[in-house]
Every structure is written in C-alpha cells, then in structure tokens.
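Okay, my_file-v7.txt now, which holds compact mmCIF, C-alpha atoms:
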# COMPACT_ATOMS: atom_id res chain seq x y z
CA MET Y 1 -9.81 8.36 -4.85
CA PRO Y 2 -7.92 11.24 -3.21
CA ALA Y 3 -6.02 13.75 -5.31
CA THR Y 4 -2.79 12.02 -4.31
CA ILE Y 5 -2.33 8.44 -3.24
CA ALA Y 6 0.76 6.78 -1.81
CA ARG Y 7 2.35 4.35 -4.28
CA THR Y 8 5.59 3.45 -2.52
CA TYR Y 9 5.88 2.31 1.10
CA LEU Y 10 9.45 1.89 2.35
CA PHE Y 11 10.25 -0.26 5.39
CA VAL Y 12 13.04 0.74 7.75
CA PRO Y 13 14.04 -1.50 10.70
CA GLY Y 14 12.93 -0.16 14.06
CA ASN Y 15 16.23 -1.19 15.65
CA ARG Y 16 18.27 0.96 13.25
CA PRO Y 17 17.51 4.55 14.34
CA GLU Y 18 20.51 5.82 12.38
CA ARG Y 19 18.57 4.91 9.23
CA PHE Y 20 15.28 6.63 10.10
CA ASP Y 21 16.11 10.05 8.67
CA THR Y 22 17.76 8.50 5.62
CA ALA Y 23 14.62 6.49 4.91
CA CYS Y 24 12.46 9.59 5.22
CA ALA Y 25 14.68 11.37 2.69
CA ALA Y 26 14.76 8.47 0.19
CA GLY Y 27 11.74 9.66 -1.79
CA ALA Y 28 9.11 7.12 -0.73
CA ASP Y 29 5.51 8.26 -0.54
CA ALA Y 30 5.35 6.73 2.94
CA VAL Y 31 7.91 5.28 5.37
CA ILE Y 32 7.05 2.35 7.65
CA VAL Y 33 9.20 2.07 10.77
CA ASP Y 34 9.10 -1.65 11.47
CA LEU Y 35 9.00 -2.98 15.03
CA GLU Y 36 7.84 -6.44 13.98
CA ASP Y 37 9.67 -8.71 11.54
CA ALA Y 38 12.77 -6.52 11.27
CA VAL Y 39 13.49 -6.56 15.02
CA PRO Y 40 14.74 -9.66 16.89
CA PRO Y 41 12.85 -10.47 20.12
CA VAL Y 42 15.79 -9.47 22.35
CA GLU Y 43 15.81 -5.98 20.77
CA LYS Y 44 12.08 -5.21 20.87
CA GLU Y 45 12.15 -2.99 23.95
CA GLN Y 46 15.25 -1.12 22.82
CA ALA Y 47 13.76 -0.53 19.37
CA ARG Y 48 10.50 0.74 20.84
CA ALA Y 49 12.41 3.21 23.00
CA ALA Y 50 14.53 4.35 20.05
CA VAL Y 51 11.46 5.04 17.94
CA ALA Y 52 9.75 6.95 20.76
CA ALA Y 53 12.87 9.08 21.27
CA TRP Y 54 13.19 9.85 17.55
CA LEU Y 55 9.60 10.84 16.88
CA THR Y 56 8.71 14.53 16.83
CA PRO Y 57 5.64 16.44 15.64
CA ASP Y 58 7.33 17.28 12.34
CA LYS Y 59 7.81 13.61 11.47
CA SER Y 60 5.22 11.74 9.41
CA VAL Y 61 5.79 8.00 9.38
CA LEU Y 62 3.75 4.85 9.65
CA LEU Y 63 4.59 2.41 12.41
CA ARG Y 64 4.34 -1.36 12.05
CA ILE Y 65 3.80 -2.60 15.56
CA ASN Y 66 3.85 -6.21 16.69
CA GLY Y 67 0.74 -8.30 16.17
CA ALA Y 68 -2.18 -8.48 18.59
CA GLY Y 69 -1.24 -12.04 19.56
CA SER Y 70 2.35 -11.19 20.41
CA ALA Y 71 4.00 -10.50 23.75
CA TRP Y 72 4.91 -6.96 22.66
CA PHE Y 73 1.55 -5.72 21.42
CA GLN Y 74 0.35 -4.09 24.64
CA ASP Y 75 3.57 -2.12 25.10
CA ASP Y 76 3.55 -1.06 21.44
CA LEU Y 77 0.12 0.50 21.95
CA ALA Y 78 1.79 3.35 23.83
CA LEU Y 79 3.30 4.57 20.55
CA CYS Y 80 0.04 4.75 18.59
CA GLY Y 81 -0.88 8.33 19.39
CA LEU Y 82 2.59 9.87 19.56
CA PRO Y 83 3.27 12.96 17.43
CA GLY Y 84 4.75 11.98 14.10
CA VAL Y 85 2.95 8.63 13.86
CA ALA Y 86 0.66 9.16 10.89
CA GLY Y 87 -0.82 5.68 11.12
CA ILE Y 88 -0.38 2.14 12.37
CA VAL Y 89 0.36 -0.90 10.23
CA LEU Y 90 -1.22 -3.87 12.00
CA PRO Y 91 0.44 -7.17 11.07
CA LYS Y 92 -1.57 -10.39 10.81
CA ALA Y 93 -4.77 -8.35 10.99
CA GLU Y 94 -7.76 -10.59 11.60
CA ARG Y 95 -10.22 -8.81 13.90
CA ALA Y 96 -12.05 -5.50 13.85
CA ASP Y 97 -11.74 -5.36 17.65
CA ASP Y 98 -7.96 -5.01 17.37
CA ILE Y 99 -8.38 -2.05 15.03
CA ALA Y 100 -10.82 -0.44 17.46
CA LEU Y 101 -8.25 -0.84 20.24
CA LEU Y 102 -5.61 0.91 18.14
CA GLN Y 103 -7.97 3.84 17.64
CA GLU Y 104 -8.74 3.97 21.35
CA ARG Y 105 -5.01 4.33 21.95
CA GLY Y 106 -4.73 7.24 19.52
CA ALA Y 107 -4.00 5.74 16.09
CA ARG Y 108 -4.86 8.31 13.45
CA THR Y 109 -5.45 5.69 10.80
CA VAL Y 110 -4.88 1.95 10.47
CA LEU Y 111 -3.48 -0.08 7.59
CA PRO Y 112 -4.26 -3.76 8.22
CA LEU Y 113 -1.67 -6.17 6.85
CA ILE Y 114 -3.51 -9.21 5.51
CA GLU Y 115 -1.08 -12.10 5.75
CA THR Y 116 -2.95 -15.07 7.27
CA ALA Y 117 -5.70 -17.36 6.07
CA LEU Y 118 -8.00 -16.10 8.82
CA GLY Y 119 -7.24 -12.50 7.92
CA MET Y 120 -8.16 -13.18 4.29
CA TRP Y 121 -11.31 -15.04 5.37
CA GLN Y 122 -12.43 -12.09 7.50
CA VAL Y 123 -11.03 -9.35 5.29
CA HIS Y 124 -14.35 -7.64 4.63
CA THR Y 125 -14.98 -7.26 8.36
CA VAL Y 126 -11.47 -5.91 8.83
CA ALA Y 127 -11.74 -3.54 5.87
CA SER Y 128 -15.07 -2.19 7.08
CA ALA Y 129 -13.78 -1.29 10.55
CA PRO Y 130 -13.76 2.45 11.30
CA GLY Y 131 -10.37 4.08 10.85
CA VAL Y 132 -9.04 1.74 8.17
CA GLN Y 133 -7.35 3.60 5.31
CA ARG Y 134 -6.30 0.75 3.02
CA LEU Y 135 -5.29 -2.91 3.04
CA LEU Y 136 -1.74 -4.20 2.68
CA PHE Y 137 -0.95 -7.69 1.37
CA GLY Y 138 1.68 -9.66 3.27
CA SER Y 139 2.17 -12.13 0.46
CA ILE Y 140 5.19 -13.95 1.88
CA ASP Y 141 3.66 -14.67 5.29
CA PHE Y 142 0.39 -15.55 3.58
CA GLN Y 143 2.13 -18.21 1.53
CA LEU Y 144 3.71 -19.60 4.68
CA ASP Y 145 0.41 -19.70 6.56
CA THR Y 146 -1.53 -21.34 3.73
CA GLY Y 147 1.14 -23.68 2.37
CA ILE Y 148 1.03 -21.99 -1.03
CA THR Y 149 4.24 -21.95 -3.06
CA GLY Y 150 4.52 -19.24 -5.69
CA GLU Y 151 3.98 -15.50 -6.13
CA GLY Y 152 2.16 -15.49 -9.47
CA GLU Y 153 -1.05 -17.22 -10.44
CA GLU Y 154 -0.97 -19.07 -7.12
CA LEU Y 155 -1.99 -15.82 -5.36
CA LEU Y 156 -4.19 -14.36 -8.10
CA ALA Y 157 -7.49 -15.15 -6.37
CA PHE Y 158 -6.34 -13.61 -3.11
CA ARG Y 159 -4.95 -10.45 -4.68
CA SER Y 160 -8.21 -10.01 -6.58
CA GLN Y 161 -10.12 -10.53 -3.33
CA LEU Y 162 -8.26 -7.65 -1.69
CA VAL Y 163 -8.98 -5.36 -4.65
CA LEU Y 164 -12.67 -6.27 -4.63
CA VAL Y 165 -13.11 -5.90 -0.88
CA SER Y 166 -11.28 -2.57 -0.87
CA ARG Y 167 -13.62 -1.22 -3.50
CA VAL Y 168 -16.76 -2.45 -1.74
CA ALA Y 169 -15.56 -1.05 1.60
CA GLY Y 170 -14.77 2.34 0.05
CA LEU Y 171 -11.05 2.16 0.79
CA GLN Y 172 -8.08 3.29 -1.24
CA PRO Y 173 -6.81 0.53 -3.57
CA PRO Y 174 -4.73 -2.05 -1.67
CA VAL Y 175 -0.95 -2.21 -1.50
CA ASP Y 176 0.86 -5.27 -2.84
CA GLY Y 177 3.54 -7.17 -0.93
CA VAL Y 178 7.29 -6.87 -1.21
CA SER Y 179 9.56 -8.16 -3.96
CA VAL Y 180 12.54 -9.75 -2.24
CA ALA Y 181 14.86 -9.89 -5.27
CA LEU Y 182 16.90 -6.74 -4.67
CA ASP Y 183 19.21 -7.28 -7.63
CA ASP Y 184 16.57 -8.16 -10.22
CA PRO Y 185 14.97 -4.91 -11.46
CA ASP Y 186 13.18 -6.74 -14.26
CA GLN Y 187 11.41 -8.97 -11.74
CA LEU Y 188 10.48 -5.94 -9.65
CA THR Y 189 9.02 -4.28 -12.74
CA ARG Y 190 7.02 -7.39 -13.62
CA ASP Y 191 5.73 -7.71 -10.06
CA THR Y 192 4.65 -4.07 -9.94
CA GLN Y 193 3.05 -4.10 -13.36
CA ARG Y 194 1.06 -7.18 -12.35
CA ALA Y 195 -0.11 -5.41 -9.19
CA ARG Y 196 -1.25 -2.39 -11.19
CA ARG Y 197 -3.11 -4.54 -13.73
CA LEU Y 198 -4.96 -6.28 -10.92
CA GLY Y 199 -6.11 -2.99 -9.40
CA PHE Y 200 -3.57 -2.43 -6.63
CA GLY Y 201 -2.61 1.14 -5.88
CA GLY Y 202 0.84 0.75 -4.38
CA LYS Y 203 3.60 -1.61 -3.31
CA LEU Y 204 5.65 -2.34 -0.21
CA CYS Y 205 9.40 -1.82 -0.66
CA ILE Y 206 12.32 -3.12 1.37
CA HIS Y 207 15.13 -1.03 -0.13
CA PRO Y 208 15.36 2.57 -1.39
CA ARG Y 209 16.60 1.43 -4.79
CA GLN Y 210 13.20 -0.20 -5.42
CA LEU Y 211 11.33 3.10 -5.15
CA GLU Y 212 11.97 4.57 -8.58
CA ALA Y 213 10.88 1.48 -10.51
CA VAL Y 214 7.76 0.98 -8.42
CA SER Y 215 6.74 4.61 -8.73
CA ARG Y 216 7.33 4.56 -12.49
CA CYS Y 217 5.22 1.42 -12.97
CA PHE Y 218 2.24 3.08 -11.32
CA GLN Y 219 2.44 6.06 -13.64
CA PRO Y 220 0.59 6.01 -16.96
CA THR Y 221 2.85 5.09 -19.86
CA ASP Y 222 3.38 7.40 -22.83
CA GLU Y 223 1.22 5.04 -24.90
CA GLU Y 224 -1.60 5.16 -22.35
CA ILE Y 225 -1.48 8.95 -22.20
CA ALA Y 226 -1.55 9.24 -25.98
CA TRP Y 227 -4.53 6.87 -26.16
CA ALA Y 228 -6.36 8.80 -23.42
CA ARG Y 229 -5.86 12.09 -25.23
CA ARG Y 230 -7.22 10.64 -28.47
CA VAL Y 231 -10.24 9.25 -26.65
CA THR Y 232 -11.10 12.52 -24.92
CA GLN Y 233 -10.56 14.48 -28.11
CA ALA Y 234 -12.79 12.13 -30.10
CA ALA Y 235 -15.49 12.26 -27.43
CA ALA Y 236 -15.38 16.05 -27.30
CA ALA Y 237 -15.62 16.29 -31.07
CA ALA Y 238 -18.64 13.96 -31.08
CA ALA Y 239 -20.48 16.25 -28.64
CA GLY Y 240 -22.33 13.39 -27.00
CA ALA Y 241 -22.99 11.35 -30.12
CA ALA Y 242 -21.80 7.77 -30.48
CA VAL Y 243 -18.28 7.61 -31.84
CA ALA Y 244 -15.72 4.91 -32.63
CA LEU Y 245 -11.93 5.05 -32.30
CA ASP Y 246 -9.62 2.42 -33.76
CA GLY Y 247 -12.65 0.37 -34.64
CA LYS Y 248 -13.95 0.32 -31.06
CA MET Y 249 -16.97 2.12 -29.66
CA ILE Y 250 -16.21 4.85 -27.13
CA ASP Y 251 -18.76 4.80 -24.34
CA ARG Y 252 -18.87 6.48 -20.95
CA PRO Y 253 -16.69 3.93 -19.08
CA VAL Y 254 -13.98 4.24 -21.76
CA ILE Y 255 -14.09 8.03 -21.54
CA ARG Y 256 -13.92 7.92 -17.77
CA LYS Y 257 -10.88 5.62 -17.92
CA ALA Y 258 -9.17 8.01 -20.30
CA GLU Y 259 -9.93 10.95 -17.99
CA GLU Y 260 -8.47 9.08 -15.01
CA ILE Y 261 -5.26 8.37 -16.93
CA LEU Y 262 -4.85 12.04 -17.81
CA GLN Y 263 -5.61 13.11 -14.24
CA GLU Y 264 -2.98 10.72 -12.87
CA ALA Y 265 -0.46 11.90 -15.45
CA ALA Y 266 -1.09 15.51 -14.44
CA ARG Y 267 -0.63 14.69 -10.74
CA ARG Y 268 2.67 12.94 -11.37
CA SER Y 269 4.10 15.55 -13.75
CA PRO Y 270 6.68 17.88 -12.21
CA SER Y 271 5.28 21.33 -11.56
As structure tokens, please, write out the structure in this file.
Amino acid sequence: MPATIARTYLFVPGNRPERFDTACAAGADAVIVDLEDAVPPVEKEQARAAVAAWLTPDKSVLLRINGAGSAWFQDDLALCGLPGVAGIVLPKAERADDIALLQERGARTVLPLIETALGMWQVHTVASAPGVQRLLFGSIDFQLDTGITGEGEELLAFRSQLVLVSRVAGLQPPVDGVSVALDDPDQLTRDTQRARRLGFGGKLCIHPRQLEAVSRCFQPTDEEIAWARRVTQAAAAAAGAAVALDGKMIDRPVIRKAEEILQEAARRSPS
C-alpha cells in the first residue's frame, strides 16, 4: 500500500462549474467531476465544455465520464488526457477493452466503477487491466441492475468480492459506494465503519459535510492505537520469543497488524 491512500472521494456535478473550486477546497482526498449521473442529457455537451474550459495543469481532479455504451462516451474521450485530469472514473465498467481505450486517449489512471451484474461477474478481468488504480463500488446502481433491495447483508458477498479481487490483482483497497442519507451522520458512520471492517480503503461522498466523518472512520481509533502499542512493546521485549498479551498469543500476523495501525496513525497525525 502506498504511503498515503485516498479515503474520501467527493463528487461535484459537471454542469455546476461554479462549484468546482469549492469542491477542490473542501478537504476531500480526491474530487470527482461528474459528467454522468449528475448531468441531464440536454446539458451533457455544455458540461463537457465547461469542464474543459476550467481545467488547467495545476488542477488535480478525477473525471467521471459517461459509460462506454452511452451516446456521449466518444466525445468524453477527448477530455481523458487534458492537463489537470489525474484519472478517469469509468461508470458501469465491464470490459478491459474500454479501459485500454481510455489509456490510448491519454488517461493517466483508471478507476472502474463496478455497478452492474456483468461488471461484477467480470471484475477480475477489469481489475487486472493495465492502468487500473483501484475499484469503486456503485452500490445503488448495482442494486437496481440485480434487483437486490438493501445496503447491508444483501451486498455483503459482492463487497467482499471486490476486496478479494483487489488484493489478488495488486490494487489499492476498493472504495465503497455513497451513503445517500445526508442528514443522518450516525448512518454514515455505520456505513463507513462497515466498509472499513470489510477491507475497503475509502468511500464515495456526495456532499462536503460527509468528508470529516468518513475520514475519521478510516483512522485508527484511540483503542486500536493503544492496543497496537502494547503489542509492539510486548513483541520487542520478547526479542523473538513466543509471548502472550491479554491471554492471546502474539504471532507475526498480529505484530504486522499492530505495525500497520501505528503507521496509519502516524500518517494521519498533523505534522
């Protein structure tokens, strides 16, 4: 895993250029300018032009273009290599060939959005395509495509599949889908904590006020840090010998987990 990894991804509508700079200043680890779901069909061309006019070399945003099966995909390809586009979010990703086309048109990296049954079925092929950085889960569209109702245990198998495939393909941990309840911080916290427990490394956000809670949930808790310190101290004192802590044996995987917690805490601590 890289020294730093994006935890929060903030969407901003591609047809609202007056919000672009505000989104970039909101504190998200990454901003996704959205030309797909956020933009009505009659505004697609205008939004594309607004994004192209706003981009400059000093920008660093991701761009969600329209899907490969849409009427706007070919025109969106012209934006892939523009200065300021750090990567392309590909909605309804299902084929490695589409990712290869994005790279041919200059995409620096690709983040496939897995949100269809076919995309989930072929996710290992998609994840293994050159240029893919990490997988995103479009949980709402996935439910619609599969006829599933529910965000919890109903999607457990599919979330776990994304985590497993990401690991096997050597990608960064996947990014969980959005929480649509803007005025329910407790639900947002539960959703994010679930994602972290399952092995996700970040979460998609649809409003700036979601960022702080999501970021906090991906940080080690005070209890986890205290446990990790006790583990590493006990292991150091044992000098390689077998040792128990709180009635449990400390072996190499436990020590490594403790080290990862302390490393993450150090990265997230203010300098």
With a distance cut-off of 10 Å and all atoms listed in the file, select the neighbouring residues of Arg159 of chain Y, excluding the residue or stretch itself and same-chain residues fewer than 4 positions from it, and output the selection as an MDAnalysis selection string.
chainID Y and resid 120 137 139 152:155 163:164 174:177 195 198:200
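Taking only C-alpha atoms into account, Leu162 of chain Y lies nearest to Y:Arg134 out of the set Y:Arg134, Y:Arg7, Y:Lys92, Y:Lys59.
Going from atom CA of Glu260 of chain Y to atom CA of Arg167 of chain Y covers 16.3 Å.
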Nearby residues (all atoms listed in the file) at most 9 Å from Ala265 of chain Y, same-chain spacing under 2 positions excluded, as a JSON list (two decimals) with C-alpha atoms, keeping the file's coordinate frame:
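Written file, out-v2.json:
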[["chain", "number", "residue", "atom", "x", "y", "z"],
["Y", 219, "GLN", "CA", 2.44, 6.06, -13.64],
["Y", 220, "PRO", "CA", 0.59, 6.01, -16.96],
["Y", 221, "THR", "CA", 2.85, 5.09, -19.86],
["Y", 225, "ILE", "CA", -1.48, 8.95, -22.20],
["Y", 260, "GLU", "CA", -8.47, 9.08, -15.01],
["Y", 261, "ILE", "CA", -5.26, 8.37, -16.93],
["Y", 262, "LEU", "CA", -4.85, 12.04, -17.81],
["Y", 263, "GLN", "CA", -5.61, 13.11, -14.24],
["Y", 267, "ARG", "CA", -0.63, 14.69, -10.74],
["Y", 268, "ARG", "CA", 2.67, 12.94, -11.37],
["Y", 269, "SER", "CA", 4.10, 15.55, -13.75]]
So how many Å separate atom CA of Leu35 of chain Y and atom CA of Asp97 of chain Y, to one decimal?
21.0 Å
Please, which residues in segment 146-226 of chain Y fall within 10 Å of segment 9-32 of chain Y when counting all atoms listed in the file, and what is the closest atom pair and distance in Å to one decimal for each, ordered by chain then residue number, as a tab-separated table?
residue	atom	partner	partner_atom	distance
Y:Val175	CA	Y:Tyr9	CA	8.6
Y:Asp176	CA	Y:Tyr9	CA	9.9
Y:Gly177	CA	Y:Tyr9	CA	10.0
Y:Val178	CA	Y:Tyr9	CA	9.6
Y:Gly202	CA	Y:Tyr9	CA	7.6
Y:Lys203	CA	Y:Tyr9	CA	6.3
Y:Leu204	CA	Y:Tyr9	CA	4.8
Y:Cys205	CA	Y:Leu10	CA	4.8
Y:Ile206	CA	Y:Phe11	CA	5.4
Y:His207	CA	Y:Leu10	CA	6.9
Y:Pro208	CA	Y:Ala26	CA	6.1
Y:Arg209	CA	Y:Ala26	CA	8.8
Y:Gln210	CA	Y:Leu10	CA	8.9
Y:Leu211	CA	Y:Ala28	CA	6.4
Y:Glu212	CA	Y:Gly27	CA	8.5
Y:Val214	CA	Y:Tyr9	CA	9.8
Y:Ser215	CA	Y:Ala28	CA	8.7
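Relative to atom CA of Gln103 of chain Y, atom CA of Pro40 of chain Y is found at 26.4 Å.
Closest approach to Arg95 of chain Y among Y:Arg64, Y:Ala71, Y:Gly81, Y:Ser128 is made by Y:Ser128 (distances from all atoms listed in the file).
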Around the point (9.0, 13.7, 16.1) in the file's coordinates, collect all residues with an atom within 12 Å, using all atoms listed in the file, and return them as a VMD selection string.
chain Y and resid 20 to 21 50 to 61 79 81 to 86
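For the residues Y:Gln133, Y:Thr192, Y:Ser70, Y:Thr146, ranking by smallest atom-to-atom distance to Leu118 of chain Y using all atoms listed in the file places Y:Thr146 first.
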Applying 12 Å and only C-alpha atoms, which residues near Arg229 of chain Y remain after dropping the ones on its own chain fewer than 4 positions away? List them as a PyMOL selection string.
chain Y and resi 222-225+233-236+245+254-263+265
Using all atoms listed in the file, which residues sit within 7 Å of Leu113 of chain Y once same-chain residues fewer than 5 positions away are excluded, as a ChimeraX atom specification?
/Y:89-93,135-138
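With only C-alpha atoms as the atoms that count, the minimum distance from Asp246 of chain Y to the choices Y:Ile99, Y:Val126, Y:Val231, Y:Cys80 is reached by Y:Val231.
Considering the residues Y:Asp75, Y:Asp251, Y:Glu43, Y:Glu36 and counting all atoms listed in the file, Thr232 of chain Y has its shortest atom-to-atom contact with Y:Asp251.
Residue nearest Gln161 of chain Y within the list Y:Ile114, Y:Val180, Y:Ala213, Y:Leu144: Y:Ile114 [criterion: smallest interatomic distance, all atoms listed in the file].
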Return as JSON the box centre and box size in Å, one decimal, for an axis-aligned box around all listed atoms of segment 103-107 of chain Y padded by 6 Å per side.
{"center_x": -6.4, "center_y": 5.5, "center_z": 19.0, "size_x": 16.7, "size_y": 15.4, "size_z": 17.9}
